[in-house]
>>> print(open('my_file_31.cif').read())   # mmCIF, C-alpha atoms (C1' of nucleotides)
data_entry
loop_
_atom_site.label_atom_id
_atom_site.label_comp_id
_atom_site.auth_asym_id
_atom_site.auth_seq_id
_atom_site.Cartn_x
_atom_site.Cartn_y
_atom_site.Cartn_z
CA MET H 1 41.81 -39.27 -63.97
CA ALA H 2 43.88 -42.43 -64.17
CA VAL H 3 46.12 -40.83 -66.75
CA ARG H 4 46.90 -37.97 -64.41
CA LEU H 5 47.75 -40.28 -61.53
CA CYS H 6 50.02 -42.34 -63.75
CA ASP H 7 51.72 -39.16 -64.86
CA VAL H 8 52.44 -38.24 -61.26
CA ALA H 9 53.72 -41.72 -60.56
CA SER H 10 56.01 -41.75 -63.56
CA LEU H 11 57.28 -38.32 -62.63
CA LEU H 12 58.23 -39.67 -59.23
CA ARG H 13 59.91 -42.75 -60.60
CA SER H 14 61.89 -40.79 -63.13
CA GLY H 15 63.24 -38.68 -60.31
CA SER H 16 62.17 -35.37 -61.79
CA TRP H 17 59.99 -34.78 -58.77
CA ALA H 18 60.28 -36.53 -55.45
CA PRO H 19 59.83 -35.82 -51.78
CA GLU H 20 63.37 -35.78 -50.56
CA PRO H 21 64.92 -35.30 -47.17
CA TRP H 22 65.64 -31.72 -46.25
CA THR H 23 69.05 -30.49 -47.24
CA GLY H 24 69.12 -27.32 -45.22
CA GLN H 25 68.41 -24.81 -47.95
CA VAL H 26 65.55 -22.35 -48.09
CA ILE H 27 65.06 -20.47 -51.30
CA ALA H 28 61.87 -18.53 -50.76
CA THR H 29 62.77 -17.11 -47.38
CA MET H 30 65.92 -16.40 -45.51
CA GLU H 31 65.77 -16.47 -41.79
CA THR H 32 67.99 -16.32 -38.81
CA GLN H 33 68.16 -19.54 -36.90
CA LEU H 34 68.45 -18.64 -33.28
CA SER H 35 70.79 -20.60 -31.14
CA ASN H 36 69.77 -20.82 -27.53
CA GLY H 37 72.74 -22.83 -26.44
CA PRO H 38 75.67 -21.43 -24.49
CA THR H 39 77.62 -21.00 -27.69
CA CYS H 40 76.56 -18.90 -30.63
CA ASN H 41 77.27 -20.62 -33.87
CA ASN H 42 75.66 -21.24 -37.21
CA THR H 43 76.00 -25.00 -37.31
CA SER H 44 72.32 -25.71 -36.88
CA ASN H 45 70.75 -27.14 -40.01
CA GLY H 46 67.95 -24.59 -40.18
CA PRO H 47 67.05 -22.30 -43.04
CA SER H 48 69.86 -20.22 -44.42
CA THR H 49 71.23 -17.62 -42.14
CA ILE H 50 72.20 -14.20 -43.31
CA SER H 51 72.96 -12.43 -40.13
CA ASN H 52 73.39 -13.73 -36.65
CA ASN H 53 74.30 -10.96 -34.29
CA CYS H 54 76.25 -12.72 -31.58
CA SER H 55 77.20 -9.67 -29.59
CA SER H 56 74.16 -9.57 -27.33
CA PRO H 57 75.16 -10.40 -23.75
CA VAL H 58 71.81 -12.03 -22.99
CA GLU H 59 72.08 -14.49 -25.81
CA GLY H 60 72.64 -18.07 -24.77
CA SER H 61 71.17 -17.50 -21.36
CA ILE H 62 71.30 -20.60 -19.20
CA GLU H 63 67.58 -20.20 -18.53
CA ASP H 64 66.66 -20.87 -22.15
CA SER H 65 64.68 -24.05 -22.46
CA LYS H 66 66.31 -26.92 -24.30
CA THR H 67 63.10 -28.92 -24.53
CA ASN H 68 60.61 -26.36 -25.83
CA LEU H 69 60.37 -25.89 -29.58
CA ILE H 70 58.49 -23.47 -31.77
CA VAL H 71 57.26 -24.87 -35.06
CA ASN H 72 56.54 -22.38 -37.83
CA TYR H 73 55.02 -22.50 -41.31
CA LEU H 74 52.60 -25.29 -40.55
CA PRO H 75 49.95 -26.07 -43.19
CA GLN H 76 46.72 -24.18 -42.53
CA ASN H 77 44.64 -27.33 -42.06
CA MET H 78 47.06 -29.11 -39.74
CA THR H 79 45.54 -29.88 -36.35
CA GLN H 80 47.11 -30.02 -32.92
CA GLU H 81 46.65 -33.78 -32.95
CA GLU H 82 48.57 -34.06 -36.21
CA LEU H 83 51.29 -31.83 -34.80
CA LYS H 84 51.53 -34.05 -31.73
CA SER H 85 51.54 -37.17 -33.86
CA LEU H 86 54.34 -35.85 -36.05
CA PHE H 87 56.60 -34.70 -33.22
CA GLY H 88 55.61 -37.61 -30.99
CA SER H 89 57.33 -39.89 -33.49
CA ILE H 90 60.63 -38.46 -32.20
CA GLY H 91 60.14 -38.90 -28.48
CA GLU H 92 57.89 -38.36 -25.49
CA ILE H 93 56.12 -35.01 -25.54
CA GLU H 94 55.45 -33.12 -22.32
CA SER H 95 53.02 -30.72 -23.99
CA CYS H 96 52.01 -29.59 -27.43
CA LYS H 97 49.99 -26.61 -28.59
CA LEU H 98 48.84 -25.39 -31.95
CA VAL H 99 48.24 -21.66 -31.74
CA ARG H 100 44.83 -20.61 -33.05
CA ASP H 101 43.06 -17.31 -33.54
CA LYS H 102 41.08 -16.65 -30.36
CA ILE H 103 37.98 -15.57 -32.27
CA THR H 104 37.88 -17.62 -35.46
CA GLY H 105 39.71 -20.69 -34.21
CA GLN H 106 41.78 -20.70 -37.38
CA SER H 107 45.30 -22.00 -37.07
CA LEU H 108 47.89 -19.23 -37.03
CA GLY H 109 50.32 -21.61 -38.67
CA TYR H 110 52.62 -22.18 -35.74
CA GLY H 111 52.76 -24.12 -32.53
CA PHE H 112 54.87 -25.30 -29.65
CA VAL H 113 56.19 -28.72 -28.78
CA ASN H 114 57.77 -29.31 -25.40
CA TYR H 115 59.66 -32.57 -25.03
CA VAL H 116 60.48 -34.41 -21.83
CA ASP H 117 64.06 -35.03 -22.96
CA PRO H 118 66.26 -32.23 -24.38
CA LYS H 119 67.88 -34.83 -26.64
CA ASP H 120 64.56 -35.42 -28.35
CA ALA H 121 64.13 -31.68 -28.88
CA GLU H 122 67.52 -31.57 -30.55
CA LYS H 123 66.64 -34.63 -32.62
CA ALA H 124 63.37 -33.02 -33.69
CA ILE H 125 65.23 -29.96 -34.95
CA ASN H 126 67.69 -32.13 -36.82
CA THR H 127 65.11 -34.39 -38.43
CA LEU H 128 61.94 -32.31 -38.82
CA ASN H 129 63.22 -28.80 -39.54
CA GLY H 130 62.67 -28.16 -43.21
CA LEU H 131 60.13 -30.98 -43.61
CA ARG H 132 57.81 -30.31 -46.51
CA LEU H 133 54.16 -30.63 -45.61
CA GLN H 134 51.73 -29.85 -48.42
CA THR H 135 52.68 -26.40 -49.69
CA LYS H 136 54.75 -25.52 -46.63
CA THR H 137 58.28 -26.08 -45.45
CA ILE H 138 58.08 -26.20 -41.69
CA LYS H 139 60.66 -24.63 -39.46
CA VAL H 140 61.61 -26.17 -36.14
CA SER H 141 63.71 -24.21 -33.68
CA TYR H 142 64.09 -23.61 -29.98
CA ALA H 143 61.43 -21.34 -28.54
CA ARG H 144 62.67 -18.22 -26.87
CA PRO H 145 61.39 -17.70 -23.33
CA SER H 146 57.95 -16.17 -23.63
CA SER H 147 58.02 -12.50 -22.83
CA ALA H 148 56.14 -9.33 -23.65
CA SER H 149 59.37 -7.81 -24.90
CA ILE H 150 59.56 -10.13 -27.91
CA ARG H 151 55.97 -9.56 -29.01
CA ASP H 152 54.89 -7.07 -31.67
CA ALA H 153 58.40 -6.79 -33.05
CA ASN H 154 57.36 -7.28 -36.67
CA LEU H 155 57.83 -4.46 -39.17
CA TYR H 156 56.27 -3.83 -42.56
CA VAL H 157 58.59 -2.07 -44.96
CA SER H 158 57.46 -0.51 -48.25
CA GLY H 159 58.99 1.67 -50.92
CA LEU H 160 62.09 -0.48 -51.15
CA PRO H 161 64.18 -0.22 -54.30
CA LYS H 162 63.16 -3.12 -56.55
CA THR H 163 66.80 -4.09 -56.83
CA MET H 164 67.32 -4.43 -53.09
CA THR H 165 68.06 -8.00 -52.02
CA GLN H 166 67.01 -9.67 -48.81
CA LYS H 167 70.60 -9.61 -47.66
CA GLU H 168 70.80 -5.87 -48.25
CA LEU H 169 67.52 -5.38 -46.41
CA GLU H 170 68.90 -7.26 -43.41
CA GLN H 171 72.13 -5.28 -43.55
CA LEU H 172 70.12 -2.07 -43.44
CA PHE H 173 68.09 -3.11 -40.40
CA SER H 174 70.64 -5.17 -38.46
CA GLN H 175 72.18 -2.02 -36.95
CA TYR H 176 69.05 -1.76 -34.76
CA GLY H 177 69.05 -5.25 -33.32
CA ARG H 178 68.86 -8.95 -33.91
CA ILE H 179 66.73 -9.95 -36.88
CA ILE H 180 64.63 -13.08 -36.43
CA THR H 181 63.16 -13.21 -39.93
CA SER H 182 63.19 -11.13 -43.05
CA ARG H 183 61.28 -11.36 -46.28
CA ILE H 184 60.84 -9.44 -49.49
CA LEU H 185 57.56 -10.07 -51.30
CA VAL H 186 57.89 -10.85 -54.97
CA ASP H 187 55.52 -10.93 -57.91
CA GLN H 188 54.31 -14.50 -58.20
CA VAL H 189 54.63 -14.54 -61.97
CA THR H 190 57.80 -12.60 -62.66
CA GLY H 191 59.56 -13.18 -59.35
CA VAL H 192 60.60 -9.54 -59.27
CA SER H 193 60.53 -7.64 -55.97
CA ARG H 194 57.33 -5.79 -55.15
CA GLY H 195 59.31 -3.33 -53.05
CA VAL H 196 57.67 -4.42 -49.81
CA GLY H 197 58.87 -6.71 -47.10
CA PHE H 198 58.98 -7.68 -43.44
CA ILE H 199 61.55 -7.55 -40.71
CA ARG H 200 60.96 -9.30 -37.43
CA PHE H 201 63.27 -8.24 -34.63
CA ASP H 202 64.08 -10.18 -31.51
CA ARG H 203 62.62 -7.46 -29.31
CA ARG H 204 60.00 -4.78 -29.76
CA VAL H 205 62.33 -2.01 -28.62
CA GLU H 206 64.65 -2.86 -31.49
CA ALA H 207 61.76 -2.54 -33.92
CA GLU H 208 60.82 0.82 -32.42
CA GLU H 209 64.37 2.10 -32.88
CA ALA H 210 64.41 0.89 -36.48
CA ILE H 211 61.24 2.85 -37.22
CA LYS H 212 62.77 5.96 -35.70
CA GLY H 213 65.97 5.51 -37.63
CA LEU H 214 64.75 4.30 -41.02
CA ASN H 215 61.17 5.46 -41.65
CA CYS H 216 61.10 8.13 -44.36
CA GLN H 217 64.82 7.65 -44.93
CA LYS H 218 66.54 6.81 -48.19
CA PRO H 219 68.58 3.61 -48.09
CA PRO H 220 72.14 4.04 -49.42
CA GLY H 221 71.95 4.65 -53.15
CA ALA H 222 68.15 4.82 -53.24
CA THR H 223 66.26 7.68 -54.85
CA GLU H 224 63.08 7.36 -52.79
CA PRO H 225 62.55 7.09 -49.02
CA ILE H 226 61.15 3.90 -47.51
CA THR H 227 58.23 3.51 -45.13
CA VAL H 228 58.79 1.49 -41.96
CA LYS H 229 55.89 0.70 -39.64
CA PHE H 230 54.61 -2.08 -37.42
CA ALA H 231 53.05 -4.87 -39.46
CA ASN H 232 49.37 -5.68 -39.20
CA ASN H 233 48.38 -8.12 -36.53
CA PRO H 234 47.63 -11.62 -37.86
CA SER H 235 44.10 -11.52 -36.43
CA GLN H 236 43.26 -8.50 -38.59
CA LYS H 237 41.59 -10.21 -41.51
CA THR H 238 38.90 -8.81 -43.72
CA SER H 239 35.41 -10.01 -42.90
CA GLN H 240 35.18 -11.35 -46.41
CA ALA H 241 38.20 -13.56 -45.93
CA LEU H 242 36.76 -14.80 -42.66
CA LEU H 243 33.39 -15.56 -44.22
CA SER H 244 34.89 -17.42 -47.14
CA GLN H 245 36.94 -19.53 -44.73
CA LEU H 246 34.00 -20.21 -42.43
CA TYR H 247 31.76 -21.35 -45.26
CA GLN H 248 34.39 -23.23 -47.18
CA SER H 249 33.48 -26.89 -47.42
CA PRO H 250 36.35 -29.24 -46.49
CA ASN H 251 35.61 -31.12 -49.71
CA ARG H 252 36.07 -28.01 -51.79
CA ARG H 253 39.40 -26.87 -50.51
CA TYR H 254 41.22 -28.20 -53.51
CA PRO H 255 39.39 -27.39 -56.72
CA GLY H 256 40.37 -28.94 -59.99
CA PRO H 257 41.25 -32.57 -60.72
CA LEU H 258 41.47 -33.64 -57.08
CA ALA H 259 38.02 -32.34 -56.19
CA GLN H 260 36.61 -33.92 -59.33
CA GLN H 261 38.20 -37.21 -58.41
CA ALA H 262 36.82 -37.04 -54.88
CA GLN H 263 33.36 -36.23 -56.22
CA ARG H 264 33.51 -39.20 -58.57
CA PHE H 265 34.35 -41.43 -55.66
CA ARG H 266 31.40 -40.11 -53.66
CA ASP H 267 29.20 -40.61 -56.70
CA LEU H 268 30.43 -44.18 -56.93
CA LEU H 269 29.63 -44.82 -53.27
CA VAL H 270 26.15 -43.44 -53.73
CA LEU H 271 25.72 -45.75 -56.71
CA ILE H 272 26.86 -48.76 -54.67
CA LEU H 273 24.57 -47.83 -51.81
CA ALA H 274 21.65 -47.37 -54.21
CA SER H 275 22.22 -50.80 -55.75
CA VAL H 276 22.40 -52.35 -52.27
CA CYS H 277 19.05 -50.75 -51.51
CA VAL H 278 17.48 -52.11 -54.67
CA TYR H 279 18.93 -55.57 -54.24
CA SER H 280 17.75 -55.90 -50.68
CA ARG H 281 14.41 -54.19 -51.46
CA PHE H 282 15.00 -51.51 -48.87
CA SER H 283 13.03 -48.35 -49.41
CA PRO H 284 15.09 -45.47 -50.69
CA MET H 285 16.80 -43.55 -47.93
CA ALA H 286 18.30 -40.16 -47.66
CA ILE H 287 21.90 -40.21 -48.78
CA ASP H 288 24.04 -37.51 -47.31
CA GLY H 289 27.52 -38.16 -48.56
CA VAL H 290 30.01 -40.72 -47.36
CA THR H 291 29.32 -40.07 -43.67
CA SER H 292 26.07 -42.03 -43.99
CA LEU H 293 27.88 -45.12 -45.18
CA ALA H 294 28.76 -46.56 -41.78
CA GLY H 295 28.83 -50.33 -41.89
CA ILE H 296 29.81 -50.66 -45.52
CA ASN H 297 33.27 -52.09 -45.88
CA ILE H 298 35.48 -49.66 -47.72
CA PRO H 299 39.11 -50.70 -48.21
CA GLY H 300 41.48 -48.71 -46.08
CA HIS H 301 38.79 -46.66 -44.37
CA ALA H 302 39.12 -46.90 -40.61
CA GLY H 303 36.67 -44.22 -39.51
CA THR H 304 39.38 -41.75 -38.50
CA GLY H 305 40.86 -41.60 -41.97
CA TRP H 306 42.25 -43.69 -44.78
CA CYS H 307 44.78 -46.29 -43.73
CA ILE H 308 47.56 -46.90 -46.25
CA PHE H 309 49.76 -49.99 -46.30
CA VAL H 310 53.41 -49.39 -47.14
CA TYR H 311 55.46 -52.48 -47.94
CA ASN H 312 59.18 -53.14 -48.47
CA LEU H 313 60.59 -50.65 -46.01
CA ALA H 314 64.21 -51.14 -44.95
CA PRO H 315 65.01 -52.61 -41.50
CA ASP H 316 66.23 -49.23 -40.27
CA ALA H 317 63.22 -47.30 -41.59
CA ASP H 318 61.62 -44.93 -39.11
CA GLU H 319 58.46 -42.83 -38.84
CA SER H 320 60.26 -39.78 -40.16
CA ILE H 321 60.58 -41.23 -43.66
CA LEU H 322 56.83 -41.92 -43.79
CA TRP H 323 56.08 -38.35 -42.83
CA GLN H 324 58.50 -37.12 -45.47
CA MET H 325 56.97 -39.25 -48.20
CA PHE H 326 53.28 -38.79 -47.45
CA GLY H 327 53.15 -35.35 -45.82
CA PRO H 328 53.47 -33.43 -49.10
CA PHE H 329 50.31 -35.07 -50.42
CA GLY H 330 48.00 -33.77 -47.72
CA ALA H 331 46.76 -34.20 -44.17
CA VAL H 332 48.52 -37.10 -42.47
CA THR H 333 47.19 -37.94 -39.02
CA ASN H 334 49.39 -40.85 -38.12
CA VAL H 335 52.32 -42.95 -39.29
CA LYS H 336 53.62 -46.21 -37.88
CA VAL H 337 56.56 -48.43 -38.68
CA ILE H 338 55.96 -52.04 -37.63
CA ARG H 339 58.97 -53.34 -35.76
CA ASP H 340 60.13 -56.69 -34.45
CA PHE H 341 59.57 -56.83 -30.71
CA ASN H 342 63.05 -58.19 -29.96
CA THR H 343 65.33 -56.53 -32.49
CA ASN H 344 63.34 -53.28 -32.80
CA LYS H 345 64.05 -53.41 -36.53
CA CYS H 346 61.36 -52.63 -39.06
CA LYS H 347 59.61 -55.77 -40.25
CA GLY H 348 59.41 -54.35 -43.75
CA PHE H 349 56.11 -52.57 -43.61
CA GLY H 350 54.23 -49.71 -42.02
CA PHE H 351 51.00 -47.75 -42.10
CA VAL H 352 50.04 -44.17 -42.85
CA THR H 353 46.67 -42.61 -42.04
CA MET H 354 45.46 -39.75 -44.22
CA THR H 355 42.32 -37.72 -43.59
CA ASN H 356 41.12 -37.15 -47.12
CA TYR H 357 40.43 -39.83 -49.69
CA ASP H 358 41.56 -37.80 -52.68
CA GLU H 359 44.90 -36.93 -51.12
CA ALA H 360 45.43 -40.56 -50.05
CA ALA H 361 44.62 -41.77 -53.57
CA VAL H 362 47.14 -39.43 -55.16
CA ALA H 363 49.76 -40.38 -52.56
CA ILE H 364 49.23 -44.07 -53.31
CA ALA H 365 49.28 -43.59 -57.07
CA SER H 366 52.43 -41.52 -56.75
CA LEU H 367 54.36 -43.54 -54.19
CA ASN H 368 53.48 -47.08 -55.23
CA GLY H 369 56.58 -48.30 -57.05
CA TYR H 370 58.62 -45.46 -55.61
CA ARG H 371 62.28 -46.37 -55.23
CA LEU H 372 63.48 -45.76 -51.68
CA GLY H 373 67.17 -46.52 -51.49
CA ASP H 374 67.60 -49.88 -53.16
CA ARG H 375 64.00 -50.93 -52.55
CA VAL H 376 60.85 -50.51 -54.58
CA LEU H 377 57.90 -49.72 -52.35
CA GLN H 378 54.45 -51.20 -52.65
CA VAL H 379 51.80 -48.74 -51.50
CA SER H 380 48.07 -49.39 -51.34
CA PHE H 381 45.02 -48.89 -49.21
CA LYS H 382 45.14 -51.27 -46.28
CA THR H 383 42.93 -54.30 -46.85
CA ASN H 384 41.19 -56.42 -44.24
CA LYS H 385 43.20 -59.57 -44.72
CA THR H 386 41.47 -62.89 -44.14
CA HIS H 387 43.22 -66.19 -43.69
CA LYS H 388 43.29 -68.32 -46.78
CA ALA H 389 44.63 -71.83 -47.17
"C1'" DT F 1 48.37 -1.50 -47.98
"C1'" DC F 2 50.99 -7.20 -45.58
"C1'" DA F 3 53.62 -13.22 -45.45
"C1'" DT F 4 52.19 -15.09 -40.96
"C1'" DA F 5 57.19 -16.42 -35.13
"C1'" DT F 6 56.08 -16.58 -28.65
"C1'" DT F 7 51.48 -20.31 -25.85
#
>>> encode(input="my_file_31.cif", output="structure tokens")
Amino acid sequence: MAVRLCDVASLLRSGSWAPEPWTGQVIATMETQLSNGPTCNNTSNGPSTISNNCSSPVEGSIEDSKTNLIVNYLPQNMTQEELKSLFGSIGEIESCKLVRDKITGQSLGYGFVNYVDPKDAEKAINTLNGLRLQTKTIKVSYARPSSASIRDANLYVSGLPKTMTQKELEQLFSQYGRIITSRILVDQVTGVSRGVGFIRFDRRVEAEEAIKGLNCQKPPGATEPITVKFANNPSQKTSQALLSQLYQSPNRRYPGPLAQQAQRFRDLLVLILASVCVYSRFSPMAIDGVTSLAGINIPGHAGTGWCIFVYNLAPDADESILWQMFGPFGAVTNVKVIRDFNTNKCKGFGFVTMTNYDEAAVAIASLNGYRLGDRVLQVSFKTNKTHKA
DNA sequence: TCATATT
């Protein structure tokens, strides 16, 4: 176990793997970043843009909100509170909602954040768009005004030539309207196209026209016709998938080394508790995991999660850098940079709260000694410091 | 025969 953690840490230090600030490039997916401002340009730092049809007269309507954001590609286990905590680090939030399946309660992987100040919304796009959280790269953009006309505008396309690129797919469909997102599914091993993909239009009527115009048609140069239909609704999951999610233990979400490590820690706690019982001649009691350990002092454990102490931050460090560093390791519920009351500069340290012990342990092992700028960070579980002479 | 983008 320790060997693995050291390996991760050395990987980080050597620079061959590191959480780095977003540079504005998306490799796995190409999407159109909508601009809701009065001008239509491609200067926003969102994921790469292929097409941006600027000819629509309704685009850039003055009624478009400049405070309301849609956040896409959120990690499955991210809660509304974590979403609020993340975006609240930018500025005051008027409202925040994580969208969940009405029946199962499962996150649909996107949400909305409405700021009080439009400047904070802009800042959130600039600083949080492209942030890596666990296995996801979140997307932050202005929300379009909610309307029935923009719903159910997602198409499933199959029978595509394996050689067709995402750009060519967009070129084929862009004659029917403004494309919000496009994707071609690829074989996970070989990376070669599976010949199926998705096109999300701005409006449902555009999607309908694309079906009429392209379903059962051969793309230029293709030998076989493609199939174009409305994509399945996200709520349409198999009962088996639902069951497996419902009965999935939170401790068993990550099999392999991490789960083993977490189990060892629980085993250790049980051992400690057992020895406490023997020492104090208490009769044996039922032990039901770490939740029964209230009252025992565990370093860094604050009840709501595992508090991590981060030392040697620069004076201009902000919450965003803590999210960027710790987010990829798992569920982060809160970050805080400690600042001087008068200068508002960072006093050199901060705290990060993570939900799961195993993820926190890997984050600490990986980020302790991490070089941030010209500083070497010290990262550990927060301890309950007592005054010593 | 399908990744998850409109509360």
>>> residues_around(input="my_file_31.cif", residues="segment 351-355 of chain H", least_positions_apart="5", cutoff="6 Å", atoms="all atoms listed in the file", output="ChimeraX atom specification")
/H:305-310,331-336,360
>>> interface_residues(input="my_file_31.cif", of="chain H", to="chain F", cutoff="9 Å", atoms="only C-alpha atoms (C1' of nucleotides)", output="PDB file with C-alpha atoms, in the frame of the given file")
ATOM      1  CA  ILE H  70      58.490 -23.470 -31.770  1.00  0.00           C
ATOM      2  CA  VAL H  71      57.260 -24.870 -35.060  1.00  0.00           C
ATOM      3  CA  ASN H  72      56.540 -22.380 -37.830  1.00  0.00           C
ATOM      4  CA  TYR H  73      55.020 -22.500 -41.310  1.00  0.00           C
ATOM      5  CA  LYS H  97      49.990 -26.610 -28.590  1.00  0.00           C
ATOM      6  CA  LEU H  98      48.840 -25.390 -31.950  1.00  0.00           C
ATOM      7  CA  VAL H  99      48.240 -21.660 -31.740  1.00  0.00           C
ATOM      8  CA  LEU H 108      47.890 -19.230 -37.030  1.00  0.00           C
ATOM      9  CA  GLY H 109      50.320 -21.610 -38.670  1.00  0.00           C
ATOM     10  CA  TYR H 110      52.620 -22.180 -35.740  1.00  0.00           C
ATOM     11  CA  GLY H 111      52.760 -24.120 -32.530  1.00  0.00           C
ATOM     12  CA  PHE H 112      54.870 -25.300 -29.650  1.00  0.00           C
ATOM     13  CA  ALA H 143      61.430 -21.340 -28.540  1.00  0.00           C
ATOM     14  CA  ARG H 144      62.670 -18.220 -26.870  1.00  0.00           C
ATOM     15  CA  PRO H 145      61.390 -17.700 -23.330  1.00  0.00           C
ATOM     16  CA  SER H 146      57.950 -16.170 -23.630  1.00  0.00           C
ATOM     17  CA  SER H 147      58.020 -12.500 -22.830  1.00  0.00           C
ATOM     18  CA  ALA H 148      56.140  -9.330 -23.650  1.00  0.00           C
ATOM     19  CA  ILE H 150      59.560 -10.130 -27.910  1.00  0.00           C
ATOM     20  CA  ARG H 151      55.970  -9.560 -29.010  1.00  0.00           C
ATOM     21  CA  TYR H 156      56.270  -3.830 -42.560  1.00  0.00           C
ATOM     22  CA  ILE H 180      64.630 -13.080 -36.430  1.00  0.00           C
ATOM     23  CA  THR H 181      63.160 -13.210 -39.930  1.00  0.00           C
ATOM     24  CA  ARG H 183      61.280 -11.360 -46.280  1.00  0.00           C
ATOM     25  CA  LEU H 185      57.560 -10.070 -51.300  1.00  0.00           C
ATOM     26  CA  VAL H 196      57.670  -4.420 -49.810  1.00  0.00           C
ATOM     27  CA  GLY H 197      58.870  -6.710 -47.100  1.00  0.00           C
ATOM     28  CA  PHE H 198      58.980  -7.680 -43.440  1.00  0.00           C
ATOM     29  CA  ARG H 200      60.960  -9.300 -37.430  1.00  0.00           C
ATOM     30  CA  ALA H 231      53.050  -4.870 -39.460  1.00  0.00           C
ATOM     31  CA  ASN H 232      49.370  -5.680 -39.200  1.00  0.00           C
ATOM     32  CA  PRO H 234      47.630 -11.620 -37.860  1.00  0.00           C
TER      33      PRO H 234
END
>>> residues_around(input="my_file_31.cif", residues="Asp318 of chain H", least_positions_apart="4", cutoff="9 Å", atoms="all atoms listed in the file", output="list in words")
Ser89, Ala314, Leu322, Lys336, Val337 and Cys346 of chain H
>>> atom_distance(input="my_file_31.cif", atom1="atom CA of Gly348 of chain H", atom2="atom CA of Asn312 of chain H")
4.9 Å
>>> residues_around(input="my_file_31.cif", residues="segment 119-121 of chain H", least_positions_apart="3", cutoff="9 Å", atoms="only C-alpha atoms (C1' of nucleotides)", output="list in words")
Lys66, Thr67, Asn68, Leu69, Ile90, Gly91, Glu92, Ile93, Val113, Asn114, Tyr115, Val116, Ala124, Ile125, Asn126, Ser141 and Tyr142 of chain H
>>> write_last_selection(input="my_file_31.cif", atoms="C-alpha atoms", output="PDB file, in the coordinates of the input")
ATOM      1  CA  LYS H  66      66.310 -26.920 -24.300  1.00  0.00           C
ATOM      2  CA  THR H  67      63.100 -28.920 -24.530  1.00  0.00           C
ATOM      3  CA  ASN H  68      60.610 -26.360 -25.830  1.00  0.00           C
ATOM      4  CA  LEU H  69      60.370 -25.890 -29.580  1.00  0.00           C
ATOM      5  CA  ILE H  90      60.630 -38.460 -32.200  1.00  0.00           C
ATOM      6  CA  GLY H  91      60.140 -38.900 -28.480  1.00  0.00           C
ATOM      7  CA  GLU H  92      57.890 -38.360 -25.490  1.00  0.00           C
ATOM      8  CA  ILE H  93      56.120 -35.010 -25.540  1.00  0.00           C
ATOM      9  CA  VAL H 113      56.190 -28.720 -28.780  1.00  0.00           C
ATOM     10  CA  ASN H 114      57.770 -29.310 -25.400  1.00  0.00           C
ATOM     11  CA  TYR H 115      59.660 -32.570 -25.030  1.00  0.00           C
ATOM     12  CA  VAL H 116      60.480 -34.410 -21.830  1.00  0.00           C
ATOM     13  CA  ALA H 124      63.370 -33.020 -33.690  1.00  0.00           C
ATOM     14  CA  ILE H 125      65.230 -29.960 -34.950  1.00  0.00           C
ATOM     15  CA  ASN H 126      67.690 -32.130 -36.820  1.00  0.00           C
ATOM     16  CA  SER H 141      63.710 -24.210 -33.680  1.00  0.00           C
ATOM     17  CA  TYR H 142      64.090 -23.610 -29.980  1.00  0.00           C
TER      18      TYR H 142
END
>>> atom_distance(input="my_file_31.cif", atom1="atom CA of Lys212 of chain H", atom2="atom CA of Gln171 of chain H")
16.6 Å
>>> atom_distance(input="my_file_31.cif", atom1="atom CA of Ala365 of chain H", atom2="atom CA of Thr383 of chain H")
16.1 Å
>>> resolve_selection(input="my_file_31.cif", expression="the PyMOL selection byres ((chain H and resi 134) around 10)", output="MDAnalysis selection string")
chainID H and resid 74:78 131:133 135:138 326:332
